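The file query-v1.txt contains compact mmCIF, C-alpha atoms and all ligand atoms:
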# COMPACT_ATOMS: atom_id res chain seq x y z
CA MET A 1 9.40 7.60 32.15
CA HIS A 2 8.51 11.25 32.20
CA ALA A 3 4.94 11.87 30.99
CA ARG A 4 6.25 14.21 28.32
CA VAL A 5 8.56 11.52 26.95
CA ILE A 6 5.67 9.08 26.68
CA ASP A 7 3.55 11.62 24.83
CA TYR A 8 6.29 12.45 22.33
CA SER A 9 7.14 8.77 21.88
CA LEU A 10 3.51 8.04 21.04
CA LEU A 11 3.55 10.88 18.51
CA ALA A 12 6.76 9.59 16.94
CA LEU A 13 5.55 5.98 16.78
CA VAL A 14 2.20 6.92 15.24
CA LEU A 15 3.94 9.01 12.58
CA ILE A 16 6.44 6.21 11.86
CA GLU A 17 3.51 3.78 11.57
CA VAL A 18 1.56 5.93 9.12
CA ILE A 19 4.69 6.49 7.03
CA SER A 20 5.84 2.85 7.10
CA GLY A 21 2.28 1.69 6.36
CA LEU A 22 1.97 3.92 3.31
CA ALA A 23 5.56 3.16 2.22
CA SER A 24 4.70 -0.56 2.36
CA PHE A 25 2.36 0.05 -0.60
CA LEU A 26 5.52 0.35 -2.72
CA VAL A 27 6.95 -2.98 -1.53
CA GLY A 28 6.21 -6.07 -3.64
CA LYS A 29 9.39 -8.13 -3.32
CA PRO A 30 10.17 -10.44 -0.36
CA GLU A 31 13.44 -8.51 0.24
CA GLY A 32 11.24 -5.71 1.53
CA SER A 33 9.31 -7.85 4.02
CA TRP A 34 11.29 -6.33 6.93
CA LEU A 35 9.24 -3.15 6.49
CA PHE A 36 6.01 -5.05 7.25
CA MET A 37 7.70 -6.67 10.25
CA LEU A 38 8.91 -3.31 11.56
CA HIS A 39 5.41 -1.89 11.04
CA GLY A 40 3.89 -4.75 13.05
CA VAL A 41 6.44 -4.62 15.88
CA LEU A 42 6.28 -0.84 16.37
CA GLY A 43 2.49 -0.88 16.03
CA LEU A 44 2.24 -3.39 18.87
CA ALA A 45 4.84 -1.45 20.90
CA ILE A 46 2.35 1.43 20.86
CA LEU A 47 0.12 -0.70 23.11
CA VAL A 48 2.84 -0.69 25.80
CA LEU A 49 3.10 3.10 25.77
CA LEU A 50 -0.69 3.33 25.81
CA VAL A 51 -0.84 1.46 29.13
CA TRP A 52 1.26 4.23 30.73
CA LYS A 53 -0.63 6.96 28.98
CA VAL A 54 -4.10 5.70 29.87
CA ARG A 55 -3.10 5.17 33.51
CA ARG A 56 -2.20 8.85 33.65
CA VAL A 57 -5.23 10.35 31.87
CA PHE A 58 -7.84 7.85 33.04
CA VAL A 59 -9.19 10.04 35.88
CA ARG A 60 -9.64 12.97 33.58
CA LEU A 61 -11.48 10.93 30.93
CA TRP A 62 -13.74 9.27 33.48
CA ARG A 63 -14.98 12.47 35.15
CA PRO A 64 -17.03 14.77 32.90
CA GLN A 65 -16.33 17.71 35.25
CA HIS A 66 -12.67 17.53 34.12
CA TRP A 67 -13.52 17.73 30.41
CA ASP A 68 -12.66 20.68 28.21
CA ARG A 69 -12.85 21.23 24.46
CA ALA A 70 -9.59 19.45 23.80
CA THR A 71 -10.87 16.33 25.58
CA VAL A 72 -13.05 15.42 22.59
CA VAL A 73 -10.06 15.33 20.25
CA ALA A 74 -8.03 13.48 22.87
CA ALA A 75 -10.72 10.81 23.25
CA LEU A 76 -10.99 10.55 19.47
CA ALA A 77 -7.23 9.94 19.23
CA LEU A 78 -7.50 7.19 21.86
CA VAL A 79 -10.38 5.47 20.06
CA ALA A 80 -8.58 5.80 16.72
CA VAL A 81 -5.32 4.32 17.97
CA LEU A 82 -7.12 1.33 19.51
CA ALA A 83 -9.19 0.83 16.35
CA THR A 84 -6.06 1.02 14.17
CA VAL A 85 -3.97 -1.43 16.18
CA LEU A 86 -6.91 -3.82 16.68
CA SER A 87 -7.92 -3.78 13.01
CA GLY A 88 -4.26 -4.47 12.07
CA VAL A 89 -4.07 -7.43 14.44
CA ILE A 90 -7.49 -8.79 13.44
CA TRP A 91 -6.66 -8.59 9.73
CA THR A 92 -3.29 -10.30 10.11
CA ALA A 93 -4.88 -13.07 12.24
CA PHE A 94 -8.33 -13.65 10.76
CA GLN A 95 -8.30 -11.71 7.45
CA TRP A 96 -11.66 -10.37 8.50
CA PRO A 97 -13.97 -8.79 7.49
CA LEU A 98 -13.91 -9.64 3.76
CA GLY A 99 -15.73 -7.73 1.03
CA TYR A 100 -15.41 -3.97 0.71
CA PRO A 101 -14.30 -2.35 2.90
CA ASN A 102 -12.35 -5.33 4.20
CA GLY A 103 -10.31 -5.44 7.42
CA LEU A 104 -7.20 -3.99 5.77
CA ASN A 105 -9.21 -1.17 4.16
CA TRP A 106 -10.60 -0.34 7.61
CA HIS A 107 -7.11 -0.47 9.08
CA VAL A 108 -5.87 2.13 6.59
CA ILE A 109 -8.95 4.34 7.13
CA PHE A 110 -8.49 4.21 10.93
CA GLY A 111 -4.75 4.87 10.53
CA LEU A 112 -5.34 8.02 8.47
CA LEU A 113 -8.02 9.26 10.92
CA LEU A 114 -5.56 8.57 13.72
CA ALA A 115 -2.89 10.72 12.06
CA CYS A 116 -5.34 13.65 11.92
CA ALA A 117 -6.56 13.10 15.50
CA VAL A 118 -3.02 12.90 16.92
CA LEU A 119 -1.89 16.06 15.14
CA GLY A 120 -5.04 17.89 16.33
CA HIS A 121 -4.57 16.59 19.86
CA MET A 122 -0.98 17.76 19.86
CA ALA A 123 -1.90 21.23 18.59
CA LEU A 124 -4.49 21.60 21.39
CA ARG A 125 -2.35 20.23 24.21
CA PHE A 126 1.13 21.23 23.08
CA LYS A 127 3.87 21.24 25.73
CA PRO A 128 7.55 21.47 24.77
CA LEU A 129 9.95 18.60 25.30
CA HIS A 130 13.25 19.39 27.07
CA ARG A 131 16.50 17.47 27.36
CA ARG A 132 16.03 16.98 31.08
CA HIS A 133 12.81 15.00 30.40
CA PHE A 134 14.59 12.17 28.65
CA LEU A 135 18.16 12.36 29.93
CA GLY A 136 19.47 9.28 31.67
CA ARG A 137 20.39 5.70 31.09
CA ARG A 138 17.03 4.35 32.10
CA THR A 139 15.16 6.05 29.29
CA ALA A 140 17.27 4.17 26.73
CA LEU A 141 16.73 0.92 28.64
CA ARG A 142 12.99 1.44 28.80
CA TYR A 143 12.90 2.17 25.08
CA ALA A 144 14.69 -1.09 24.40
CA GLY A 145 12.13 -2.82 26.65
CA ILE A 146 9.16 -1.26 24.85
CA ILE A 147 10.41 -2.27 21.39
CA ALA A 148 11.32 -5.76 22.65
CA THR A 149 7.79 -6.18 24.05
CA GLY A 150 6.43 -5.15 20.65
CA GLY A 151 8.64 -7.84 19.12
CA LEU A 152 7.40 -10.47 21.57
CA LEU A 153 3.76 -9.58 20.91
CA TRP A 154 4.42 -9.79 17.16
CA GLN A 155 6.09 -13.20 17.54
CA GLY A 156 3.30 -14.42 19.81
CA HIS A 157 0.71 -13.30 17.30
CA ALA A 158 2.51 -15.15 14.50
CA GLN A 159 2.88 -18.35 16.58
CA ILE A 160 -0.76 -18.39 17.70
CA SER A 161 -1.92 -17.83 14.11
CA ARG A 162 0.19 -20.75 12.95
CA VAL A 163 -0.69 -23.21 15.73
CA ALA A 164 -4.41 -22.35 15.62
CA ARG A 165 -4.33 -22.39 11.78
CA LEU A 166 -5.94 -19.01 11.57
CA PRO A 167 -6.59 -17.77 8.02
CA GLY A 168 -3.95 -15.05 8.45
CA ALA A 169 -1.20 -17.67 8.84
CA ASN A 170 -1.37 -18.16 5.06
CA ARG A 171 -1.16 -14.49 4.18
CA ARG A 172 1.59 -13.18 1.94
CA PHE A 173 4.33 -11.07 3.56
CA THR A 174 2.39 -8.01 2.35
CA GLY A 175 -0.62 -9.08 4.45
CA SER A 176 -2.60 -10.05 1.31
CA ARG A 177 -4.73 -13.20 1.04
CA GLU A 178 -4.85 -15.40 -2.04
CA ILE A 179 -7.81 -15.29 -4.44
CA GLY A 180 -8.44 -17.29 -7.62
CA SER A 181 -4.85 -18.17 -8.53
CA ARG A 182 -4.56 -19.90 -11.91
CA GLN A 183 -8.32 -19.99 -12.44
CA GLY A 184 -8.52 -17.60 -15.36
CA LEU A 185 -10.37 -14.40 -14.54
CA ALA A 186 -11.66 -15.55 -11.12
CA PHE A 187 -9.73 -12.77 -9.35
CA PRO A 188 -11.45 -9.46 -8.41
CA VAL A 189 -11.76 -6.43 -10.68
CA THR A 190 -10.22 -3.59 -8.68
CA MET A 191 -9.72 0.13 -9.16
CA TRP A 192 -7.18 2.22 -7.27
CA MET A 193 -9.51 5.24 -7.13
CA LEU A 194 -12.29 6.26 -9.52
CA ASP A 195 -11.35 4.92 -12.96
CA ASN A 196 -14.35 3.48 -14.78
CA PRO A 197 -13.95 3.73 -18.58
CA GLN A 198 -16.41 2.51 -21.20
CA PRO A 199 -15.35 -0.78 -22.84
CA LEU A 200 -12.78 0.12 -25.51
CA ASP A 201 -13.78 -0.20 -29.17
CA VAL A 202 -11.33 -2.77 -30.56
CA LYS A 203 -11.61 -1.37 -34.11
CA GLU A 204 -10.65 2.15 -33.00
CA TRP A 205 -8.12 1.12 -30.36
CA ARG A 206 -4.40 1.80 -30.98
CA LEU A 207 -1.30 1.28 -28.88
CA HIS A 208 1.02 4.28 -29.36
CA VAL A 209 4.72 3.79 -28.73
CA ALA A 210 6.10 7.29 -28.38
CA GLY A 211 8.23 9.78 -26.46
CA ALA A 212 12.05 9.77 -26.57
CA VAL A 213 12.36 7.19 -29.36
CA ALA A 214 13.90 7.25 -32.84
CA HIS A 215 10.94 5.47 -34.40
CA PRO A 216 7.51 6.15 -32.87
CA PHE A 217 4.73 3.86 -34.13
CA GLU A 218 1.30 2.49 -33.36
CA LEU A 219 -0.29 -0.95 -33.33
CA SER A 220 -3.89 -2.03 -33.85
CA VAL A 221 -5.45 -5.02 -32.08
CA ALA A 222 -4.81 -7.12 -35.21
CA ASP A 223 -1.11 -6.08 -35.12
CA LEU A 224 -0.67 -7.40 -31.58
CA ALA A 225 -0.45 -11.04 -32.70
CA ARG A 226 2.45 -10.12 -35.03
CA GLY A 227 4.57 -8.83 -32.15
CA ARG A 228 6.72 -10.97 -29.85
CA ILE A 229 4.31 -12.84 -27.55
CA VAL A 230 5.69 -13.99 -24.20
CA THR A 231 4.34 -15.69 -21.06
CA GLN A 232 5.32 -14.97 -17.49
CA ASP A 233 4.31 -16.21 -14.02
CA ALA A 234 3.68 -13.25 -11.74
CA ILE A 235 1.71 -12.32 -8.64
CA LEU A 236 -0.73 -9.43 -8.82
CA ASP A 237 -0.74 -8.16 -5.20
CA CYS A 238 -3.29 -5.41 -4.55
CA THR A 239 -2.74 -3.00 -1.65
CA GLY A 240 -6.41 -3.67 -0.88
CA GLY A 241 -5.34 -6.95 0.76
CA TRP A 242 -5.58 -9.72 -1.86
CA TYR A 243 -3.25 -11.36 -4.36
CA THR A 244 -3.50 -13.78 -7.26
CA ALA A 245 -0.79 -15.86 -8.98
CA GLN A 246 -1.28 -16.16 -12.74
CA THR A 247 0.53 -17.14 -15.90
CA TRP A 248 0.18 -13.98 -17.96
CA ARG A 249 0.52 -13.88 -21.73
CA GLY A 250 0.99 -10.88 -23.97
CA LEU A 251 3.23 -8.54 -25.88
CA SER A 252 6.88 -8.15 -24.84
CA VAL A 253 7.67 -4.56 -23.86
CA GLY A 254 11.34 -5.32 -24.67
CA TRP A 255 10.30 -6.06 -28.25
CA LEU A 256 8.26 -2.81 -28.45
CA LEU A 257 11.31 -0.85 -27.27
CA GLN A 258 13.59 -2.60 -29.77
CA GLN A 259 11.26 -1.52 -32.57
CA ALA A 260 11.00 2.05 -31.27
CA ARG A 261 14.74 2.49 -30.44
CA PRO A 262 14.94 4.71 -27.32
CA LEU A 263 17.12 7.83 -27.74
CA PRO A 264 20.31 8.28 -25.70
CA GLY A 265 19.27 9.74 -22.35
CA ALA A 266 16.08 7.66 -22.17
CA ARG A 267 15.63 6.67 -18.52
CA ALA A 268 12.13 5.42 -17.89
CA VAL A 269 9.03 4.11 -19.60
CA SER A 270 5.54 5.29 -18.70
CA PHE A 271 2.46 3.14 -19.30
CA VAL A 272 -0.54 5.36 -19.93
CA SER A 273 -4.16 4.25 -19.63
CA VAL A 274 -7.05 5.52 -21.73
CA THR A 275 -8.26 7.18 -18.50
CA GLY A 276 -5.03 9.14 -18.00
CA TYR A 277 -3.95 6.82 -15.16
CA ARG A 278 -0.26 6.07 -15.59
CA TRP A 279 2.88 4.64 -14.00
CA SER A 280 6.53 4.47 -15.04
CA VAL A 281 9.45 2.11 -14.41
CA PRO A 282 13.19 2.35 -15.26
CA LEU A 283 14.05 1.59 -18.90
CA THR A 284 15.97 -1.63 -18.12
CA GLU A 285 13.12 -2.99 -16.02
CA ALA A 286 10.54 -2.01 -18.66
CA ALA A 287 12.31 -4.20 -21.23
CA SER A 288 11.52 -7.27 -19.10
CA LEU A 289 7.78 -6.55 -18.67
CA LEU A 290 4.79 -7.55 -20.74
CA LEU A 291 1.52 -6.04 -21.79
CA ALA A 292 -0.91 -8.87 -21.15
CA THR A 293 -3.81 -9.94 -23.31
CA HIS A 294 -4.47 -13.17 -21.36
CA ALA A 295 -4.48 -14.53 -17.80
CA GLY A 296 -3.95 -18.28 -18.08
CA ASP A 297 -5.75 -19.19 -21.28
CA GLU A 298 -8.54 -16.67 -20.85
CA PRO A 299 -8.51 -13.42 -22.81
CA LEU A 300 -8.73 -10.44 -20.43
CA ASP A 301 -12.19 -8.93 -20.14
CA HIS A 302 -12.92 -5.21 -19.94
CA GLY A 303 -12.72 -5.05 -16.14
CA HIS A 304 -9.24 -6.55 -16.09
CA GLY A 305 -7.95 -4.03 -18.64
CA ALA A 306 -8.66 -5.41 -22.14
CA PRO A 307 -7.21 -5.22 -24.66
CA LEU A 308 -3.84 -4.62 -22.92
CA ARG A 309 -2.77 -4.30 -19.28
CA LEU A 310 0.68 -4.02 -17.76
CA VAL A 311 2.18 -6.97 -15.85
CA ALA A 312 4.94 -5.69 -13.54
CA PRO A 313 6.29 -8.57 -11.41
CA GLY A 314 7.52 -7.49 -7.97
CA ARG A 315 5.44 -4.31 -8.06
CA ARG A 316 2.13 -3.73 -6.27
CA GLY A 317 -1.17 -3.98 -8.14
CA PHE A 318 -1.82 -0.24 -8.47
CA GLN A 319 1.20 -0.04 -10.81
CA TRP A 320 -0.21 -2.71 -13.18
CA VAL A 321 -1.88 -0.12 -15.46
CA LYS A 322 -5.04 -1.34 -17.22
CA TRP A 323 -6.44 -0.25 -20.62
CA VAL A 324 -2.96 0.83 -21.80
CA THR A 325 -3.05 2.98 -24.94
CA GLU A 326 0.43 4.49 -24.81
CA VAL A 327 3.95 3.35 -24.00
CA ARG A 328 5.95 6.56 -23.57
CA VAL A 329 9.74 6.62 -23.25
CA LEU A 330 10.89 9.36 -20.83
CA GLN A 331 14.15 11.22 -20.25
CA GLN A 332 12.96 12.57 -16.86
CA PRO A 333 11.23 10.90 -13.93
CA ASP A 334 7.46 11.45 -14.11
CA LEU A 335 6.34 13.08 -10.84
CA GLY A 336 2.91 13.85 -12.29
CA GLN A 337 2.00 10.14 -12.14
CA TRP A 338 1.52 10.54 -8.36
CA ILE A 339 -1.32 12.95 -9.08
CA ALA A 340 -2.63 11.12 -12.17
CA ILE A 341 -3.37 7.94 -10.20
CA PHE A 342 -5.62 9.93 -7.88
CA ASN A 343 -7.46 12.23 -10.29
CA SER A 344 -7.60 10.11 -13.47
CA GLY A 345 -11.21 9.00 -12.93
CA LEU A 346 -12.64 12.49 -12.36
C1 LIG B 401 -2.41 4.68 7.57
C2 LIG B 401 -1.52 3.96 7.00
C3 LIG B 401 -1.28 2.50 7.33
C4 LIG B 401 -1.15 1.51 6.40
C5 LIG B 401 -1.21 1.69 4.88
C6 LIG B 401 -0.95 0.25 7.10
C7 LIG B 401 -0.74 -0.99 6.50
C8 LIG B 401 -0.67 -2.20 7.16
C9 LIG B 401 -0.53 -3.48 6.52
C10 LIG B 401 -0.42 -3.72 5.02
C11 LIG B 401 -0.52 -4.44 7.50
C12 LIG B 401 -0.40 -5.97 7.29
C13 LIG B 401 1.03 -6.35 7.54
C14 LIG B 401 1.23 -7.83 7.76
O1 LIG B 401 0.44 -8.65 7.27
O2 LIG B 401 2.21 -8.20 8.46
C15 LIG B 401 -0.64 -3.75 8.76
C16 LIG B 401 -0.65 -4.38 10.00
C17 LIG B 401 -0.60 -3.70 11.22
N1 LIG B 401 -0.57 -2.33 11.40
FE1 LIG B 401 -0.74 -0.92 9.93
N2 LIG B 401 -0.96 0.51 8.44
C18 LIG B 401 -1.15 1.86 8.64
C19 LIG B 401 -1.19 2.52 9.87
C20 LIG B 401 -0.96 1.93 11.10
C21 LIG B 401 -0.85 2.63 12.37
C22 LIG B 401 -0.97 4.13 12.53
C23 LIG B 401 -0.65 1.68 13.33
C24 LIG B 401 -0.50 1.84 14.80
C25 LIG B 401 -1.10 2.77 15.49
C26 LIG B 401 -0.61 0.39 12.68
C27 LIG B 401 -0.43 -0.82 13.35
C28 LIG B 401 -0.50 -2.07 12.77
C29 LIG B 401 -0.48 -3.32 13.50
C30 LIG B 401 -0.38 -3.48 15.02
C31 LIG B 401 -0.55 -4.35 12.53
C32 LIG B 401 -0.60 -5.86 12.81
C33 LIG B 401 0.77 -6.44 12.88
C34 LIG B 401 0.73 -7.87 13.36
O3 LIG B 401 -0.01 -8.16 14.30
O4 LIG B 401 1.45 -8.72 12.78
N3 LIG B 401 -0.80 0.58 11.33
N4 LIG B 401 -0.72 -2.39 8.52
N1 LIG B 402 -6.13 2.44 -15.47
C1 LIG B 402 -6.13 1.82 -14.27
N2 LIG B 402 -5.35 0.76 -14.08
C2 LIG B 402 -5.34 0.13 -12.87
C3 LIG B 402 -6.19 0.57 -11.81
C4 LIG B 402 -7.01 1.71 -12.05
O1 LIG B 402 -7.76 2.16 -11.17
N3 LIG B 402 -6.96 2.31 -13.29
N4 LIG B 402 -6.18 -0.09 -10.61
C5 LIG B 402 -4.94 -0.80 -10.27
C6 LIG B 402 -5.08 -1.63 -9.08
S1 LIG B 402 -5.21 -0.83 -7.60
C7 LIG B 402 -4.99 -2.99 -9.13
S2 LIG B 402 -4.90 -3.92 -7.73
C8 LIG B 402 -5.02 -3.71 -10.41
C9 LIG B 402 -6.23 -4.64 -10.37
O2 LIG B 402 -6.29 -5.39 -11.55
P1 LIG B 402 -7.58 -6.30 -11.82
O3 LIG B 402 -8.78 -5.39 -11.81
O4 LIG B 402 -7.31 -6.97 -13.11
O5 LIG B 402 -7.65 -7.26 -10.66
O6 LIG B 402 -5.13 -2.83 -11.50
C10 LIG B 402 -4.41 -1.64 -11.43
N5 LIG B 402 -4.52 -0.93 -12.70
MO MO B 403 -5.00 -2.39 -5.92

Rewrite the structure from the file as structure tokens, please.
Ligand code: HEM
Ligand SMILES: Nc1nc2c(c(=O)[nH]1)N[C@H]1C(S)=C(S)[C@@H](COP(=O)(O)O)O[C@H]1N2
Ligand SMILES: [Mo]
Amino acid sequence: MHARVIDYSLLALVLIEVISGLASFLVGKPEGSWLFMLHGVLGLAILVLLVWKVRRVFVRLWRPQHWDRATVVAALALVAVLATVLSGVIWTAFQWPLGYPNGLNWHVIFGLLLACAVLGHMALRFKPLHRRHFLGRRTALRYAGIIATGGLLWQGHAQISRVARLPGANRRFTGSREIGSRQGLAFPVTMWMLDNPQPLDVKEWRLHVAGAVAHPFELSVADLARGRIVTQDAILDCTGGWYTAQTWRGLSVGWLLQQARPLPGARAVSFVSVTGYRWSVPLTEAASLLLATHAGDEPLDHGHGAPLRLVAPGRRGFQWVKWVTEVRVLQQPDLGQWIAIFNSGL
């Protein structure tokens, strides 16, 4: 393949990987597992292209007399791509290292650094791509071969993990490993960014049900027990690489909405934390959710969102808003939530 085609293919694959990786944070249902598979296959296909690329630039990297300013960024991009692919493979095989940052956290950090390094490298070494560089039947064939090799590597990795009983063989399709399922509050306390509120004063605390409703109202902690209490099995799956299966118990959001009577045109329901952190789901889905007070038979503690935290089955952990103080019915989608989840702790 023409050198230029390899370079642009690497750029395209890295961008697809960063986008599919970040998009995977929104996938919590098994129907979406193909996205993780695609991410793995294309990520491993990058290794094939890298063999060509490194063969070509090896001489230049090896001889300091050939270096220029752009070489530093180029070398950084090479280190970052190897670190990203390796950390991905190591996490999916060994689920290592644990703690914070764990292998998946490192993978995401390397991936974001890689995106910056590749864009910088491209700006410094830009050369245009022309039709004549990639015309021809063989380019299409080689592409098919590269993706197929990525697929074989991915399959091989999965088989070896299974046969050797590596810890990663038991991971969920999201890449997460299981922690403390059905053992009360034995699962980790996790924040998406910087939220860290004081424990809420249960005497002062109120849940406000508001927005586009005919009958806004509020509940105190004592009122909670008079609402419709429901239980639900659901998996809390954090994008930080762990999950826990629990039987959650708490207040039915469907019941709250029945009491509040959404106005015509109501489309979504936003769950707002005392910190300003918030997330919204479509109205019909909201009616099936619950605001939990308990995991198993244990009352939630402050870290896990007491007195009320959202349980949103099939959605990733960052959407399970903790310390909820407001249920707000919306007539428009809430784009501001994408900012609120990042700046709420400041
Ligand atoms: C920066 C954003 C990224 C995020 C959020 C992300 C996320 C993930 C996740 C969740 C997994 C685990 C999937 C599973 O268990 O099957 C994974 C694995 C992997 N990722 Fe990424 N990733 C990112 C960037 C990248 C990039 C840029 C590359 C390639 C250069 C890459 C290559 C891989 C590979 C090779 C695996 C292992 C697949 C396997 O061996 O089964 N990732 N990534
Ligand atoms: N208000 C608020 N709710 C939040 C978060 C946060 O930072 N602030 N973190 C989310 C993330 S990333 C996860 S994985 C779960 C973790 O819940 P846990 O601490 O009970 O395990 O809460 C979610 N709810
Ligand atoms: Mo999370």

Distance filter 7 Å around ligand LIG 401 (chain B), atoms: all atoms listed in the file, out as number ranges by chain: A: 14-15, 17-19, 21-22, 24-25, 36-37, 39-41, 43-44, 46, 81, 84-86, 88-89, 92, 104, 107-112, 114-115, 154, 157-158, 171, 173-176

Glu218 in chain A environment, 12 Å, only C-alpha atoms, sequence neighbours closer than 6 positions dropped, as a PyMOL selection string: chain A and resi 204-210+224+227+256+259-260+325-328

Selection near range 182-190 of chain A, 10 Å with all atoms listed in the file, sequence-local residues under 2 positions removed, as a VMD selection string: chain A and resid 178 to 180 192 to 193 195 233 236 238 240 242 to 248 294 to 305 317 to 318

Residue contacts of Leu42 in chain A (8 Å, all atoms listed in the file) excluding same-chain residues fewer than 6 positions away, as a PyMOL selection string: chain A and resi 13+17+147+150-151

Expected residue set, 12 Å radius at (16.2, -1.6, -15.5), only C-alpha atoms, as a ChimeraX atom specification: /A:254,266-269,280-289

Please determine an axis-aligned box that encloses all atoms of range 250-260 of chain A listed in the file, with 8 Å added on each side, and express its centre and edge lengths in Å to one decimal as lines of an AutoDock Vina configuration file.
center_x = 7.3
center_y = -4.4
center_z = -28.2
size_x = 28.6
size_y = 28.9
size_z = 24.7

For Arg138 in chain A, the nearest of the candidates A:Val73, A:Ile341, A:Leu310, A:Met1, counting only C-alpha atoms: A:Met1

Interatomic distance (Å, one decimal) between CA of Leu47 in chain A and CA of Tyr143 in chain A: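 About the pair CA of Leu47 in chain A and CA of Tyr143 in chain A: they are 13.2 Å apart.
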
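With distances taken over all atoms listed in the file, A:Arg177 is the one residue among A:His2, A:Arg177, A:Arg172, A:Arg60 lying closest to Leu98 in chain A.
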